[in-house]
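Novice: Pasting a structure here, questions to come.
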Amino acid sequence: MKLNSQFLLQVPNPLPLQKKVPIRLEEKLRESREAIVGLDNILETIACSNAEVEPYYECLSCGTQGEANGMYNHLVGRNHRERFIEKKFPGDPR
């Protein structure tokens with residue numbers, strides 16, 4: 001089959017897509033004015049194969065998992081803070 005050149009239209013190549021820059025929990029914490037507790041119990045997993053993949057976080061004391069925004073909300077939330085206090089000061093009635 002032969003194409004008729006009357007019907008061919010040149011289309012420019014699309015611009016390259018901008019690379020996605022993942023948000024890290026560390027950045028969110030630096031911007032925050034909140035007091036954060038229990039950071040030593042946070043595990044960060046970064047994909048080595050693709051720099052555009054969001055890091056994944058797990059709170060080892062609470063079992064909560066997710067990306068930076070969700071983990072930040074968890075860290076400033078009541079449940080995480082209460083669990084931290086219970087582990088840090090077991091049996092303290094205050």
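Following the order of the structure tokens, first chain is A, next is B, and so on, with residues numbered from 1 inside each chain and ligands from 1 in the order they appear.
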Determine which residues of chain A receive a DSSP assignment of helix (DSSP H, G or I), computed from the backbone, and state them as number ranges by chain.
Specialist: A: 5-7, 25-31, 39-41, 68-76, 78-88
Novice: Could you pull out the residues in chain A that DSSP calls strand (DSSP E or B) from the backbone, as a PDB file with all heavy atoms, in the first residue's frame?
Specialist:
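So selection24.pdb came out as:
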ATOM      1  N   ILE A  42      11.355   5.144  62.482  1.00  0.00           N
ATOM      2  CA  ILE A  42      10.871   5.279  61.105  1.00  0.00           C
ATOM      3  C   ILE A  42      11.885   4.661  60.156  1.00  0.00           C
ATOM      4  O   ILE A  42      13.069   4.992  60.178  1.00  0.00           O
ATOM      5  CB  ILE A  42      10.634   6.754  60.730  1.00  0.00           C
ATOM      6  CG1 ILE A  42       9.645   7.407  61.693  1.00  0.00           C
ATOM      7  CG2 ILE A  42      10.158   6.889  59.284  1.00  0.00           C
ATOM      8  CD1 ILE A  42       8.286   6.758  61.740  1.00  0.00           C
ATOM      9  N   LEU A  43      11.394   3.772  59.311  1.00  0.00           N
ATOM     10  CA  LEU A  43      12.224   3.099  58.310  1.00  0.00           C
ATOM     11  C   LEU A  43      11.897   3.706  56.951  1.00  0.00           C
ATOM     12  O   LEU A  43      10.733   3.778  56.563  1.00  0.00           O
ATOM     13  CB  LEU A  43      11.924   1.603  58.313  1.00  0.00           C
ATOM     14  CG  LEU A  43      12.676   0.725  57.347  1.00  0.00           C
ATOM     15  CD1 LEU A  43      14.154   0.699  57.714  1.00  0.00           C
ATOM     16  CD2 LEU A  43      12.116  -0.680  57.386  1.00  0.00           C
ATOM     17  N   GLU A  44      12.927   4.171  56.233  1.00  0.00           N
ATOM     18  CA  GLU A  44      12.744   4.761  54.903  1.00  0.00           C
ATOM     19  C   GLU A  44      13.288   3.797  53.865  1.00  0.00           C
ATOM     20  O   GLU A  44      14.429   3.339  53.972  1.00  0.00           O
ATOM     21  CB  GLU A  44      13.482   6.099  54.811  1.00  0.00           C
ATOM     22  CG  GLU A  44      13.371   6.755  53.453  1.00  0.00           C
ATOM     23  CD  GLU A  44      14.173   8.041  53.368  1.00  0.00           C
ATOM     24  OE1 GLU A  44      15.364   8.032  53.756  1.00  0.00           O
ATOM     25  OE2 GLU A  44      13.618   9.037  52.917  1.00  0.00           O
ATOM     26  N   THR A  45      12.490   3.511  52.838  1.00  0.00           N
ATOM     27  CA  THR A  45      12.918   2.650  51.744  1.00  0.00           C
ATOM     28  C   THR A  45      12.929   3.480  50.473  1.00  0.00           C
ATOM     29  O   THR A  45      11.911   4.052  50.096  1.00  0.00           O
ATOM     30  CB  THR A  45      11.956   1.451  51.577  1.00  0.00           C
ATOM     31  OG1 THR A  45      11.875   0.754  52.817  1.00  0.00           O
ATOM     32  CG2 THR A  45      12.431   0.518  50.485  1.00  0.00           C
ATOM     33  N   TYR A  56       9.260   5.114  50.479  1.00  0.00           N
ATOM     34  CA  TYR A  56       8.209   4.453  51.249  1.00  0.00           C
ATOM     35  C   TYR A  56       8.655   4.406  52.702  1.00  0.00           C
ATOM     36  O   TYR A  56       9.822   4.146  52.983  1.00  0.00           O
ATOM     37  CB  TYR A  56       8.005   3.039  50.696  1.00  0.00           C
ATOM     38  CG  TYR A  56       6.777   2.366  51.221  1.00  0.00           C
ATOM     39  CD1 TYR A  56       5.525   2.716  50.757  1.00  0.00           C
ATOM     40  CD2 TYR A  56       6.868   1.377  52.196  1.00  0.00           C
ATOM     41  CE1 TYR A  56       4.386   2.094  51.236  1.00  0.00           C
ATOM     42  CE2 TYR A  56       5.740   0.756  52.684  1.00  0.00           C
ATOM     43  CZ  TYR A  56       4.508   1.120  52.196  1.00  0.00           C
ATOM     44  OH  TYR A  56       3.378   0.516  52.669  1.00  0.00           O
ATOM     45  N   TYR A  57       7.735   4.678  53.612  1.00  0.00           N
ATOM     46  CA  TYR A  57       8.077   4.767  55.029  1.00  0.00           C
ATOM     47  C   TYR A  57       7.240   3.793  55.849  1.00  0.00           C
ATOM     48  O   TYR A  57       6.098   3.493  55.512  1.00  0.00           O
ATOM     49  CB  TYR A  57       7.828   6.198  55.534  1.00  0.00           C
ATOM     50  CG  TYR A  57       8.672   7.191  54.803  1.00  0.00           C
ATOM     51  CD1 TYR A  57       8.194   7.835  53.671  1.00  0.00           C
ATOM     52  CD2 TYR A  57       9.968   7.470  55.219  1.00  0.00           C
ATOM     53  CE1 TYR A  57       8.981   8.736  52.981  1.00  0.00           C
ATOM     54  CE2 TYR A  57      10.759   8.368  54.528  1.00  0.00           C
ATOM     55  CZ  TYR A  57      10.254   8.991  53.406  1.00  0.00           C
ATOM     56  OH  TYR A  57      11.044   9.871  52.720  1.00  0.00           O
ATOM     57  N   GLU A  58       7.856   3.331  56.949  1.00  0.00           N
ATOM     58  CA  GLU A  58       7.143   2.472  57.899  1.00  0.00           C
ATOM     59  C   GLU A  58       7.520   2.896  59.309  1.00  0.00           C
ATOM     60  O   GLU A  58       8.687   3.067  59.626  1.00  0.00           O
ATOM     61  CB  GLU A  58       7.516   1.007  57.685  1.00  0.00           C
ATOM     62  CG  GLU A  58       6.792   0.085  58.631  1.00  0.00           C
ATOM     63  CD  GLU A  58       7.101  -1.377  58.395  1.00  0.00           C
ATOM     64  OE1 GLU A  58       7.887  -1.704  57.480  1.00  0.00           O
ATOM     65  OE2 GLU A  58       6.556  -2.203  59.140  1.00  0.00           O
ATOM     66  N   CYS A  59       6.496   3.071  60.147  1.00  0.00           N
ATOM     67  CA  CYS A  59       6.705   3.363  61.558  1.00  0.00           C
ATOM     68  C   CYS A  59       6.767   2.012  62.272  1.00  0.00           C
ATOM     69  O   CYS A  59       5.763   1.296  62.350  1.00  0.00           O
ATOM     70  CB  CYS A  59       5.571   4.226  62.110  1.00  0.00           C
ATOM     71  SG  CYS A  59       5.721   4.562  63.870  1.00  0.00           S
ATOM     72  N   GLN A  65       2.275   2.522  57.503  1.00  0.00           N
ATOM     73  CA  GLN A  65       3.118   2.545  56.313  1.00  0.00           C
ATOM     74  C   GLN A  65       2.563   3.564  55.325  1.00  0.00           C
ATOM     75  O   GLN A  65       1.377   3.848  55.323  1.00  0.00           O
ATOM     76  CB  GLN A  65       3.145   1.175  55.636  1.00  0.00           C
ATOM     77  CG  GLN A  65       3.648   0.077  56.512  1.00  0.00           C
ATOM     78  CD  GLN A  65       3.537  -1.283  55.839  1.00  0.00           C
ATOM     79  OE1 GLN A  65       2.972  -1.416  54.769  1.00  0.00           O
ATOM     80  NE2 GLN A  65       4.092  -2.292  56.480  1.00  0.00           N
ATOM     81  N   GLY A  66       3.442   4.110  54.477  1.00  0.00           N
ATOM     82  CA  GLY A  66       2.974   5.011  53.436  1.00  0.00           C
ATOM     83  C   GLY A  66       4.062   5.914  52.913  1.00  0.00           C
ATOM     84  O   GLY A  66       5.240   5.744  53.218  1.00  0.00           O
TER      85      GLY A  66
END
Novice: Can you measure CA of Glu54 in chain A to CA of Glu67 in chain A for me? One decimal in Å is fine.
Specialist: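 For CA of Glu54 in chain A relative to CA of Glu67 in chain A, the distance reads 6.7 Å.
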Novice: Quick one: residues within 8 Å of Val37 in chain A, only C-alpha atoms counted, chain neighbours fewer than 6 positions away excluded, as an NGL selection string?
Specialist: :A and (75 or 81 or 84)
Novice: For each of A:Cys48, A:Leu29, A:Leu15, A:Ala35, take the minimum atom-to-atom distance to Met71 in chain A, counting only C-alpha atoms, then give the residue where this is smallest.
Specialist: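 Under the stated criterion, the closest residue is A:Leu29.
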Novice: Measuring between only C-alpha atoms, which one of A:Leu8, A:Gly38, A:Ala47, A:Glu52 shows the shortest distance to Glu86 in chain A?
Specialist: A:Gly38
Novice: Hey, which of A:Thr64, A:Val53, A:Asn69, A:Leu9 ends up closest to Glu27 in chain A? Count only C-alpha atoms.
Specialist: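 Going through A:Thr64, A:Val53, A:Asn69, A:Leu9 one by one, the smallest distance to Glu27 in chain A is for A:Asn69.
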Novice: Find the residue from A:Asn13, A:Ser32, A:Asn50, A:Asn41 that sits nearest to Tyr72 in chain A; use only C-alpha atoms when measuring.
Specialist: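 So, comparing all the options, the nearest one is A:Ser32.
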Novice: What does the distance between CA of Arg24 in chain A and CA of Glu82 in chain A come to in Å, to one decimal place?
Specialist: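 So the answer is 24.3 Å.
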